[in-house]
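Student: Let me begin by handing over the structure; questions about it come next.
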4 protein chains.
Amino acid sequence: MNILLTGFEKFGKEKMNPSWDAIKDLDGAVINNVRIFCRQLPVSFKRAPTIVKELLRSIRPRFYIAFGLAGGRNTVTVERVAINIMDSTKPDNDNYTPKDETIFEDGPAAYFATVPIKDIIKVLRGKRIPAIISNSAGTYVCNTVFYSGLYYANKLGLETKVGFIHLPYDTAQVLDKDKPSLPLSLIKNGIVELINFLIEMKNR
Amino acid sequence: MNILLTGFEKFGKEKMNPSWDAIKDLDGAVINNVRIFCRQLPVSFKRAPTIVKELLRSIRPRFYIAFGLAGGRNTVTVERVAINIMDSTKPDNDNYTPKDETIFEDGPAAYFATVPIKDIIKVLRGKRIPAIISNSAGTYVCNTVFYSGLYYANKLGLETKVGFIHLPYDTAQVLDKDKPSLPLSLIKNGIVELINFLIEMKNR
Amino acid sequence: MNILLTGFEKFGKEKMNPSWDAIKDLDGAVINNVRIFCRQLPVSFKRAPTIVKELLRSIRPRFYIAFGLAGGRNTVTVERVAINIMDSTKPDNDNYTPKDETIFEDGPAAYFATVPIKDIIKVLRGKRIPAIISNSAGTYVCNTVFYSGLYYANKLGLETKVGFIHLPYDTAQVLDKDKPSLPLSLIKNGIVELINFLIEMKNR
Amino acid sequence: MNILLTGFEKFGKEKMNPSWDAIKDLDGAVINNVRIFCRQLPVSFKRAPTIVKELLRSIRPRFYIAFGLAGGRNTVTVERVAINIMDSTKPDNDNYTPKDETIFEDGPAAYFATVPIKDIIKVLRGKRIPAIISNSAGTYVCNTVFYSGLYYANKLGLETKVGFIHLPYDTAQVLDKDKPSLPLSLIKNGIVELINFLIEMKNR
């Protein structure tokens, strides 16, 4: 059994992206015979979906949890729903700025996460990480990746359960700013616990 | 040489007050011949100032740093100024609700903190703790304690340097809430470093 | 041709609901041969959808714009998407608190608004009303009404275009609170202009 | 009897400053034999205090209410206290960026407003304008003007009562932004009522 985690490359003026730093050290880990794959995605509306597709096809993970940064949010937020739209005012890293574009013409308006979001919330809180449900992953690349994961898991006939977790700023990113944050070390603890939970869930 | 730290008792519906939990373990510590005194203050407009006076008189600290909770703030905030007013809409723990009352009739409108607030900011950030200056400690018991520390240090002819630091929620307080927070462990690291800084500063 | 507008009854401790006060005076108005119907909906997960169904069936409006209060938001927000879920921690006015319930078993995960949301934004801004797109109408009764409007318009084979607009607090609701708001008079101007726009759009 | 109102010139990228637009039409008005003087101040740490001094000396107003913009605040805020410090990270319109400078070497740490701030709050709310007390006017030019007004009123031996009111964004400034605001027309009504109140107060 495999588990796939993805994070994003750097974006804008930020020197790091906690969504990648939070997971990168787990790549290649084997826990209870489960192999963890961690991959970095580009902040690109056009390239990210294809990469997600290839990752799902080659790794065929039992679970795919994508991580993204939601700078300005207070807590970890577990996304409930991905919507079939790309809409932005700021360009992505390929300098592309979609306006109300459908991600996949043959996809539904939305997919709900197929991982148990409220259980994930409980797991994170159990590790003393503030975590709540979010009802919108936005209309930027994060949502596109989340939607793509659900779309391709379905399209490819995989049993992969797909979720998306938004992280707040890492404290080290905002030392001199009036912004909410949580330390990466805390987030990392939570992700390890989350993996343990997913493995256990599968075994039940 | 002595250093005095104070935090507050529990308040409202909260089960703990991070301003006390952050410092309590340091009580009695001796670092480089400097003795640390940690005391818990009541959330009481009338009783807290007298206790501050007695603590200053008996301990005669070189530095007095008071801590309080500012639930809802994103970061640690180091207060710049204490003002001579008590004004509240919510009662204190003695069920007292002052309306535009002067704290000390013979006191000035305000005192500035006598510790170097921007150096403290740097020390905290050096330990990866987001920290900024605040220009208002409010008009509740926190400000009253801050003002009282400065007033009595002056009144009693002490050399005590006085500061006030507001802490955000501890993450453990807001696990299921959409509120900014920082973990107590991180805050504690910062306070130890702050004490080291104060001791070193004195020695220069 | 008919246009249907709905707002909500009072909820919680509030003495009014701006989503109803903003539209109620328009009920019965006839503008360019278009008749405006304004109806108040209960804050009820179970009763509201059925009322929406009956209104659509009897009025057969060309446009149905539902209004709701989003206390705490800074501006008018035009909702992009309705999702097939009811999930709440606070009870509705019937004392019902759904947990992750589907609104309609045979409905899709989501519907996008069928009115042109970005044109509506422009119309509102043209009347000097701050307005932005929202990607989540929440999982409370507002979203349920929005989803129900889209579901039944489809189910009943109507040509009705459906939208949902969240209003911020009316200034009169928050005179002594630190909350964002806009005055009802401004909102009302915007709604009249919105109706004019819808009528004109239909005629093109 | 004279009343002096001041607002600020444009600042940064903004095309207008509501603190000036809110008052400019009142200049020269005579209400119940009271003459209203409205003046625009530069966003300049160095020039503004001198202009305030000259205005107070020449106009000798019974009341001086300064207005400023506090973009991002939800409501009108009536300032309680001015502090003797200039501290900024962004330059003023003269490209000057003070760091922890005292405004007047011979001034106290702070002055409290000498107008009745809670009565002003009531007057504004009576005109359906959300208004609350603020305990910090910041450390930028607004605070400098507020402090200068109180300092010079005292220095020059005037009976002038001095206050400072921060306005939120005008709605027209933030039509496409997720920012709180209030329309200028509403603010203007409040200021007229405030003048009436001040005149009446003086007559008692």
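All residue names refer to the structure tokens as shown: chains lettered A, B, ... in order, residues numbered from 1 in each chain, ligands numbered from 1 in order.
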Looking only at the backbone, which of the residues in range 2-202 of chain C does DSSP tag as strand (DSSP E), as an MDAnalysis selection string?
Tutor: chainID C and resid 2:8 30:31 34:41 63:69 76:79 81:83 110:112 131:134 161:167 169:170 181:182
Student: Taking the DSSP assignment computed from this structure's backbone, write out as a tab-separated table (two decimals) with N, CA and C atoms, in the first residue's frame all residues of range 81-189 of chain C that belong to alpha helix (DSSP H).
Tutor:
chain	number	residue	atom	x	y	z
C	117	ILE	N	-22.49	36.18	-12.10
C	117	ILE	CA	-22.07	36.77	-10.83
C	117	ILE	C	-21.11	37.95	-11.01
C	118	LYS	N	-20.28	37.92	-12.02
C	118	LYS	CA	-19.34	39.03	-12.18
C	118	LYS	C	-20.03	40.28	-12.72
C	119	ASP	N	-21.07	40.09	-13.51
C	119	ASP	CA	-21.85	41.25	-13.96
C	119	ASP	C	-22.59	41.87	-12.77
C	120	ILE	N	-23.09	41.01	-11.90
C	120	ILE	CA	-23.79	41.53	-10.71
C	120	ILE	C	-22.83	42.34	-9.84
C	121	ILE	N	-21.63	41.83	-9.69
C	121	ILE	CA	-20.59	42.57	-8.96
C	121	ILE	C	-20.41	43.97	-9.55
C	122	LYS	N	-20.32	44.02	-10.88
C	122	LYS	CA	-20.12	45.31	-11.55
C	122	LYS	C	-21.29	46.25	-11.32
C	123	VAL	N	-22.50	45.71	-11.40
C	123	VAL	CA	-23.70	46.53	-11.19
C	123	VAL	C	-23.68	47.14	-9.78
C	124	LEU	N	-23.34	46.32	-8.80
C	124	LEU	CA	-23.32	46.81	-7.41
C	124	LEU	C	-22.24	47.87	-7.22
C	125	ARG	N	-21.05	47.60	-7.74
C	125	ARG	CA	-19.96	48.57	-7.60
C	125	ARG	C	-20.31	49.88	-8.31
C	126	GLY	N	-21.07	49.75	-9.40
C	126	GLY	CA	-21.51	50.94	-10.12
C	126	GLY	C	-22.39	51.83	-9.26
C	141	VAL	N	-28.32	27.34	6.66
C	141	VAL	CA	-29.57	27.44	5.90
C	141	VAL	C	-29.42	28.27	4.62
C	142	CYS	N	-28.53	29.25	4.62
C	142	CYS	CA	-28.31	30.05	3.40
C	142	CYS	C	-27.94	29.16	2.23
C	143	ASN	N	-26.94	28.32	2.46
C	143	ASN	CA	-26.49	27.42	1.39
C	143	ASN	C	-27.61	26.46	1.00
C	144	THR	N	-28.37	26.00	1.99
C	144	THR	CA	-29.47	25.07	1.71
C	144	THR	C	-30.51	25.71	0.79
C	145	VAL	N	-30.83	26.97	1.05
C	145	VAL	CA	-31.80	27.68	0.21
C	145	VAL	C	-31.24	27.88	-1.20
C	146	PHE	N	-29.96	28.26	-1.27
C	146	PHE	CA	-29.31	28.49	-2.56
C	146	PHE	C	-29.32	27.18	-3.38
C	147	TYR	N	-28.90	26.11	-2.72
C	147	TYR	CA	-28.88	24.81	-3.40
C	147	TYR	C	-30.29	24.39	-3.83
C	148	SER	N	-31.25	24.60	-2.94
C	148	SER	CA	-32.63	24.19	-3.23
C	148	SER	C	-33.17	24.96	-4.43
C	149	GLY	N	-32.85	26.23	-4.51
C	149	GLY	CA	-33.31	27.03	-5.65
C	149	GLY	C	-32.79	26.45	-6.97
C	150	LEU	N	-31.52	26.10	-6.98
C	150	LEU	CA	-30.91	25.57	-8.19
C	150	LEU	C	-31.43	24.16	-8.49
C	151	TYR	N	-31.60	23.38	-7.45
C	151	TYR	CA	-32.08	22.01	-7.59
C	151	TYR	C	-33.50	21.98	-8.15
C	152	TYR	N	-34.39	22.80	-7.57
C	152	TYR	CA	-35.79	22.75	-8.00
C	152	TYR	C	-36.00	23.44	-9.34
C	153	ALA	N	-35.21	24.49	-9.62
C	153	ALA	CA	-35.32	25.12	-10.95
C	153	ALA	C	-35.05	24.06	-12.01
C	154	ASN	N	-34.06	23.23	-11.73
C	154	ASN	CA	-33.69	22.16	-12.65
C	154	ASN	C	-34.75	21.05	-12.67
C	155	LYS	N	-35.14	20.62	-11.48
C	155	LYS	CA	-36.10	19.53	-11.31
C	155	LYS	C	-37.45	19.85	-11.96
C	184	LEU	N	-28.33	49.95	5.19
C	184	LEU	CA	-29.40	49.32	4.42
C	184	LEU	C	-29.81	50.18	3.23
C	185	SER	N	-29.80	51.49	3.40
C	185	SER	CA	-30.22	52.38	2.31
C	185	SER	C	-29.33	52.19	1.09
C	186	LEU	N	-28.05	52.01	1.33
C	186	LEU	CA	-27.10	51.80	0.22
C	186	LEU	C	-27.40	50.46	-0.46
C	187	ILE	N	-27.62	49.45	0.36
C	187	ILE	CA	-27.92	48.10	-0.17
C	187	ILE	C	-29.19	48.13	-1.02
C	188	LYS	N	-30.19	48.86	-0.51
C	188	LYS	CA	-31.47	48.93	-1.24
C	188	LYS	C	-31.29	49.55	-2.63
C	189	ASN	N	-30.50	50.60	-2.70
C	189	ASN	CA	-30.21	51.20	-4.01
C	189	ASN	C	-29.61	50.17	-4.95
Student: Contacts from chain D to chain C, 10 Å maximum, only C-alpha atoms: show me the residue list as a CSV table (one decimal) with all heavy atoms, in the first residue's frame.
Tutor:
chain,number,residue,atom,x,y,z
D,72,GLY,N,-9.0,49.9,7.3
D,72,GLY,CA,-9.0,48.6,7.9
D,72,GLY,C,-9.8,48.5,9.2
D,72,GLY,O,-10.3,47.4,9.5
D,73,ARG,N,-10.0,49.6,9.8
D,73,ARG,CA,-10.9,49.6,11.0
D,73,ARG,C,-12.4,49.5,10.5
D,73,ARG,O,-12.7,49.9,9.4
D,73,ARG,CB,-10.7,50.9,11.8
D,73,ARG,CG,-9.4,50.8,12.6
D,73,ARG,CD,-9.4,51.9,13.7
D,73,ARG,NE,-8.0,51.9,14.3
D,73,ARG,CZ,-7.6,52.9,15.2
D,73,ARG,NH1,-8.5,53.8,15.5
D,73,ARG,NH2,-6.4,52.9,15.7
D,74,ASN,N,-13.2,48.9,11.3
D,74,ASN,CA,-14.6,48.6,11.0
D,74,ASN,C,-15.5,49.8,11.1
D,74,ASN,O,-16.6,49.8,10.4
D,74,ASN,CB,-15.2,47.5,11.8
D,74,ASN,CG,-14.5,46.1,11.6
D,74,ASN,OD1,-14.2,45.8,10.4
D,74,ASN,ND2,-14.2,45.4,12.6
D,75,THR,N,-15.2,50.6,12.1
D,75,THR,CA,-16.2,51.7,12.5
D,75,THR,C,-15.4,53.0,12.6
D,75,THR,O,-14.2,53.1,12.4
D,75,THR,CB,-16.8,51.4,13.8
D,75,THR,OG1,-15.7,51.5,14.8
D,75,THR,CG2,-17.3,49.9,13.9
D,76,VAL,N,-16.2,54.0,12.9
D,76,VAL,CA,-15.6,55.3,13.3
D,76,VAL,C,-15.0,55.0,14.7
D,76,VAL,O,-15.6,54.4,15.5
D,76,VAL,CB,-16.6,56.4,13.4
D,76,VAL,CG1,-16.1,57.7,14.0
D,76,VAL,CG2,-17.2,56.7,12.0
D,77,THR,N,-13.8,55.5,14.9
D,77,THR,CA,-13.2,55.3,16.3
D,77,THR,C,-12.8,56.7,16.8
D,77,THR,O,-12.1,57.5,16.2
D,77,THR,CB,-12.0,54.4,16.2
D,77,THR,OG1,-11.1,54.8,15.2
D,77,THR,CG2,-12.4,53.0,16.0
D,121,ILE,N,-19.3,59.5,21.1
D,121,ILE,CA,-19.7,58.1,20.6
D,121,ILE,C,-21.2,58.1,20.5
D,121,ILE,O,-21.8,57.6,19.6
D,121,ILE,CB,-19.2,57.1,21.6
D,121,ILE,CG1,-17.7,56.9,21.5
D,121,ILE,CG2,-19.9,55.7,21.4
D,121,ILE,CD1,-17.2,56.3,20.3
D,122,LYS,N,-21.9,58.6,21.6
D,122,LYS,CA,-23.4,58.5,21.6
D,122,LYS,C,-24.0,59.4,20.5
D,122,LYS,O,-25.0,59.0,19.9
D,122,LYS,CB,-23.9,59.0,23.0
D,122,LYS,CG,-24.0,58.0,24.0
D,122,LYS,CD,-24.5,58.5,25.4
D,122,LYS,CE,-23.8,57.8,26.5
D,122,LYS,NZ,-23.8,58.7,27.7
D,124,LEU,N,-22.7,60.1,17.6
D,124,LEU,CA,-22.5,59.4,16.3
D,124,LEU,C,-23.5,58.2,16.2
D,124,LEU,O,-24.1,58.0,15.2
D,124,LEU,CB,-21.1,58.9,16.2
D,124,LEU,CG,-20.0,60.1,16.1
D,124,LEU,CD1,-18.6,59.5,16.1
D,124,LEU,CD2,-20.2,60.9,14.8
D,125,ARG,N,-23.6,57.4,17.2
D,125,ARG,CA,-24.5,56.3,17.2
D,125,ARG,C,-26.0,56.8,17.0
D,125,ARG,O,-26.8,56.1,16.4
D,125,ARG,CB,-24.4,55.5,18.5
D,125,ARG,CG,-23.1,54.7,18.6
D,125,ARG,CD,-23.0,53.9,19.9
D,125,ARG,NE,-21.7,53.3,20.0
D,125,ARG,CZ,-21.3,52.7,21.2
D,125,ARG,NH1,-22.1,52.8,22.2
D,125,ARG,NH2,-20.1,52.2,21.2
D,126,GLY,N,-26.3,57.9,17.6
D,126,GLY,CA,-27.6,58.5,17.4
D,126,GLY,C,-27.9,58.8,16.0
D,126,GLY,O,-29.1,58.8,15.6
D,127,LYS,N,-26.9,59.0,15.2
D,127,LYS,CA,-27.1,59.2,13.7
D,127,LYS,C,-26.9,57.9,13.0
D,127,LYS,O,-26.6,57.9,11.8
D,127,LYS,CB,-26.1,60.3,13.2
D,127,LYS,CG,-26.4,61.7,13.8
D,127,LYS,CD,-27.8,62.1,13.5
D,127,LYS,CE,-27.9,62.7,12.1
D,127,LYS,NZ,-29.2,63.4,11.9
D,128,ARG,N,-26.9,56.8,13.7
D,128,ARG,CA,-26.8,55.4,13.1
D,128,ARG,C,-25.4,55.2,12.5
D,128,ARG,O,-25.3,54.5,11.5
D,128,ARG,CB,-27.9,55.2,12.0
D,128,ARG,CG,-29.3,55.6,12.5
D,128,ARG,CD,-30.3,54.9,11.7
D,128,ARG,NE,-31.1,53.9,12.5
D,128,ARG,CZ,-31.8,52.9,11.9
D,128,ARG,NH1,-31.8,52.7,10.6
D,128,ARG,NH2,-32.4,52.1,12.7
D,129,ILE,N,-24.4,55.7,13.1
D,129,ILE,CA,-23.0,55.5,12.7
D,129,ILE,C,-22.4,54.6,13.7
D,129,ILE,O,-22.3,55.0,14.9
D,129,ILE,CB,-22.3,56.8,12.6
D,129,ILE,CG1,-22.9,57.7,11.5
D,129,ILE,CG2,-20.8,56.6,12.2
D,129,ILE,CD1,-22.4,59.1,11.5
D,130,PRO,N,-21.9,53.4,13.3
D,130,PRO,CA,-21.2,52.6,14.3
D,130,PRO,C,-19.9,53.3,14.8
D,130,PRO,O,-19.1,53.8,13.9
D,130,PRO,CB,-20.8,51.3,13.4
D,130,PRO,CG,-21.7,51.3,12.3
D,130,PRO,CD,-22.0,52.8,12.0
D,131,ALA,N,-19.7,53.4,16.1
D,131,ALA,CA,-18.6,54.2,16.6
D,131,ALA,C,-18.2,53.6,18.0
D,131,ALA,O,-19.0,53.2,18.8
D,131,ALA,CB,-19.0,55.7,16.8
D,132,ILE,N,-16.9,53.4,18.1
D,132,ILE,CA,-16.4,52.9,19.4
D,132,ILE,C,-15.1,53.7,19.8
D,132,ILE,O,-14.6,54.5,19.0
D,132,ILE,CB,-16.0,51.4,19.3
D,132,ILE,CG1,-15.0,51.2,18.2
D,132,ILE,CG2,-17.2,50.6,19.1
D,132,ILE,CD1,-14.5,49.7,18.1
D,133,ILE,N,-14.7,53.5,21.0
D,133,ILE,CA,-13.5,54.2,21.5
D,133,ILE,C,-12.3,53.4,21.0
D,133,ILE,O,-12.3,52.2,20.9
D,133,ILE,CB,-13.5,54.1,23.1
D,133,ILE,CG1,-14.7,54.8,23.7
D,133,ILE,CG2,-12.2,54.7,23.6
D,133,ILE,CD1,-14.7,56.3,23.5
D,168,PRO,N,-13.1,55.1,9.0
D,168,PRO,CA,-12.8,53.9,8.2
D,168,PRO,C,-12.7,54.3,6.7
D,168,PRO,O,-13.0,55.5,6.4
D,168,PRO,CB,-14.0,52.9,8.5
D,168,PRO,CG,-15.1,53.8,8.8
D,168,PRO,CD,-14.5,55.1,9.4
D,170,ASP,N,-13.8,55.1,3.1
D,170,ASP,CA,-15.0,55.4,2.4
D,170,ASP,C,-15.4,54.2,1.5
D,170,ASP,O,-14.5,53.6,0.9
D,170,ASP,CB,-14.8,56.7,1.6
D,170,ASP,CG,-16.0,57.0,0.7
D,170,ASP,OD1,-17.1,56.6,1.0
D,170,ASP,OD2,-15.8,57.6,-0.4
D,171,THR,N,-16.6,53.9,1.4
D,171,THR,CA,-17.0,52.7,0.6
D,171,THR,C,-16.5,52.9,-0.9
D,171,THR,O,-16.1,51.9,-1.5
D,171,THR,CB,-18.5,52.5,0.5
D,171,THR,OG1,-19.1,53.8,0.1
D,171,THR,CG2,-19.1,52.1,1.8
D,172,ALA,N,-16.5,54.1,-1.4
D,172,ALA,CA,-16.0,54.3,-2.7
D,172,ALA,C,-14.5,54.0,-3.0
D,172,ALA,O,-14.1,53.8,-4.1
D,172,ALA,CB,-16.3,55.8,-3.2
D,173,GLN,N,-13.8,53.9,-1.9
D,173,GLN,CA,-12.4,53.6,-2.0
D,173,GLN,C,-12.1,52.1,-2.1
D,173,GLN,O,-11.0,51.7,-2.5
D,173,GLN,CB,-11.6,54.1,-0.7
D,173,GLN,CG,-11.4,55.5,-0.5
D,173,GLN,CD,-10.6,55.8,0.7
D,173,GLN,OE1,-11.1,55.7,1.8
D,173,GLN,NE2,-9.3,56.1,0.6
D,174,VAL,N,-13.1,51.3,-1.7
D,174,VAL,CA,-12.8,49.9,-1.6
D,174,VAL,C,-13.8,49.0,-2.3
D,174,VAL,O,-14.2,47.9,-1.9
D,174,VAL,CB,-12.7,49.5,-0.1
D,174,VAL,CG1,-11.5,50.1,0.6
D,174,VAL,CG2,-14.0,49.9,0.7
D,175,LEU,N,-14.4,49.6,-3.4
D,175,LEU,CA,-15.5,48.9,-4.1
D,175,LEU,C,-15.1,47.4,-4.5
D,175,LEU,O,-15.9,46.6,-4.5
D,175,LEU,CB,-15.9,49.7,-5.4
D,175,LEU,CG,-16.5,51.0,-5.1
D,175,LEU,CD1,-16.8,51.7,-6.4
D,175,LEU,CD2,-17.7,50.9,-4.2
D,176,ASP,N,-13.8,47.2,-4.9
D,176,ASP,CA,-13.4,45.9,-5.3
D,176,ASP,C,-12.5,45.2,-4.3
D,176,ASP,O,-11.7,44.3,-4.7
D,176,ASP,CB,-12.7,46.0,-6.7
D,176,ASP,CG,-11.5,46.9,-6.6
D,176,ASP,OD1,-11.3,47.6,-5.6
D,176,ASP,OD2,-10.8,47.0,-7.7
D,177,LYS,N,-12.5,45.7,-3.1
D,177,LYS,CA,-11.6,45.1,-2.1
D,177,LYS,C,-12.4,44.5,-0.9
D,177,LYS,O,-13.5,44.9,-0.6
D,177,LYS,CB,-10.7,46.2,-1.5
D,177,LYS,CG,-9.8,46.7,-2.6
D,177,LYS,CD,-8.7,47.6,-1.9
D,177,LYS,CE,-7.8,48.1,-3.0
D,177,LYS,NZ,-8.5,49.1,-3.9
D,178,ASP,N,-11.8,43.5,-0.3
D,178,ASP,CA,-12.4,42.9,0.9
D,178,ASP,C,-12.1,43.6,2.2
D,178,ASP,O,-11.3,43.2,3.0
D,178,ASP,CB,-12.0,41.4,1.0
D,178,ASP,CG,-12.7,40.6,2.1
D,178,ASP,OD1,-13.7,41.2,2.6
D,178,ASP,OD2,-12.4,39.5,2.3
D,179,LYS,N,-12.6,44.9,2.2
D,179,LYS,CA,-12.2,45.8,3.3
D,179,LYS,C,-13.5,46.4,3.9
D,179,LYS,O,-14.4,46.7,3.2
D,179,LYS,CB,-11.3,46.9,2.8
D,179,LYS,CG,-10.0,46.5,2.2
D,179,LYS,CD,-9.0,46.2,3.3
D,179,LYS,CE,-7.7,45.8,2.7
D,179,LYS,NZ,-6.8,45.2,3.7
D,180,PRO,N,-13.5,46.6,5.2
D,180,PRO,CA,-14.6,47.3,5.8
D,180,PRO,C,-14.7,48.8,5.4
D,180,PRO,O,-13.6,49.4,5.2
D,180,PRO,CB,-14.4,47.1,7.3
D,180,PRO,CG,-12.9,46.9,7.5
D,180,PRO,CD,-12.4,46.3,6.2
D,181,SER,N,-15.8,49.4,5.4
D,181,SER,CA,-16.0,50.8,5.0
D,181,SER,C,-17.3,51.3,5.5
D,181,SER,O,-18.2,50.6,5.8
D,181,SER,CB,-15.9,50.9,3.5
D,181,SER,OG,-17.0,50.2,2.9
D,182,LEU,N,-17.4,52.6,5.4
D,182,LEU,CA,-18.7,53.3,5.6
D,182,LEU,C,-18.8,54.4,4.6
D,182,LEU,O,-17.8,55.0,4.2
D,182,LEU,CB,-18.8,53.9,7.0
D,182,LEU,CG,-19.0,52.8,8.2
D,182,LEU,CD1,-18.9,53.5,9.5
D,182,LEU,CD2,-20.3,52.1,8.0
D,183,PRO,N,-20.0,54.7,4.1
D,183,PRO,CA,-20.1,55.7,3.1
D,183,PRO,C,-19.9,57.1,3.6
D,183,PRO,O,-20.3,57.4,4.8
D,183,PRO,CB,-21.5,55.6,2.5
D,183,PRO,CG,-22.3,54.7,3.5
D,183,PRO,CD,-21.3,54.0,4.3
D,186,LEU,N,-22.8,59.2,5.1
D,186,LEU,CA,-23.2,58.8,6.5
D,186,LEU,C,-22.3,59.6,7.5
D,186,LEU,O,-22.7,60.1,8.5
D,186,LEU,CB,-23.1,57.3,6.7
D,186,LEU,CG,-23.6,56.8,8.0
D,186,LEU,CD1,-25.2,56.8,8.0
D,186,LEU,CD2,-23.2,55.3,8.2
Student: Determine, counting only C-alpha atoms, which protein, DNA and RNA residues have an atom within 7 Å of an atom of range 103-106 of chain A; residues of the same chain fewer than 6 positions away are not included. Present the result as a list of chain:residue names.
Tutor: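 These residues fall inside the cut-off: A:Asn84, A:Ile85, A:Met86, A:Thr144.
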Student: I'd like the neighbourhood of Ala113 in chain C as a PyMOL selection string, where a residue qualifies if any of its atoms comes within 6 Å (using only C-alpha atoms), though same-chain residues fewer than 5 positions away should be ignored.
Tutor: chain C and resi 80-81+162-163
Student: Which of these residues is nearest to Ala110 in chain C, using only C-alpha atoms: C:Trp20, C:Ile83, C:Asp94, C:Ser44?
Tutor: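 Going through C:Trp20, C:Ile83, C:Asp94, C:Ser44 one by one, the smallest distance to Ala110 in chain C is for C:Ile83.
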Student: When you count only C-alpha atoms, which of these residues is closest to Thr114 in chain A: A:Lys161, A:Lys46, A:Lys90, A:Lys99?
Tutor: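 Looking at the shortest contact to Thr114 in chain A, the residue is A:Lys161.
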Student: Can you measure CA of Lys24 in chain D to CA of Gly190 in chain D for me? One decimal in Å is fine.
Tutor: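 Spanning CA of Lys24 in chain D to CA of Gly190 in chain D is a straight-line distance of 14.1 Å.
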Student: Show which residues sit within 8 Å of range 57-71 of chain D, as a count of residues only. Count only C-alpha atoms, and ignore same-chain residues fewer than 3 positions away.
Tutor: 33
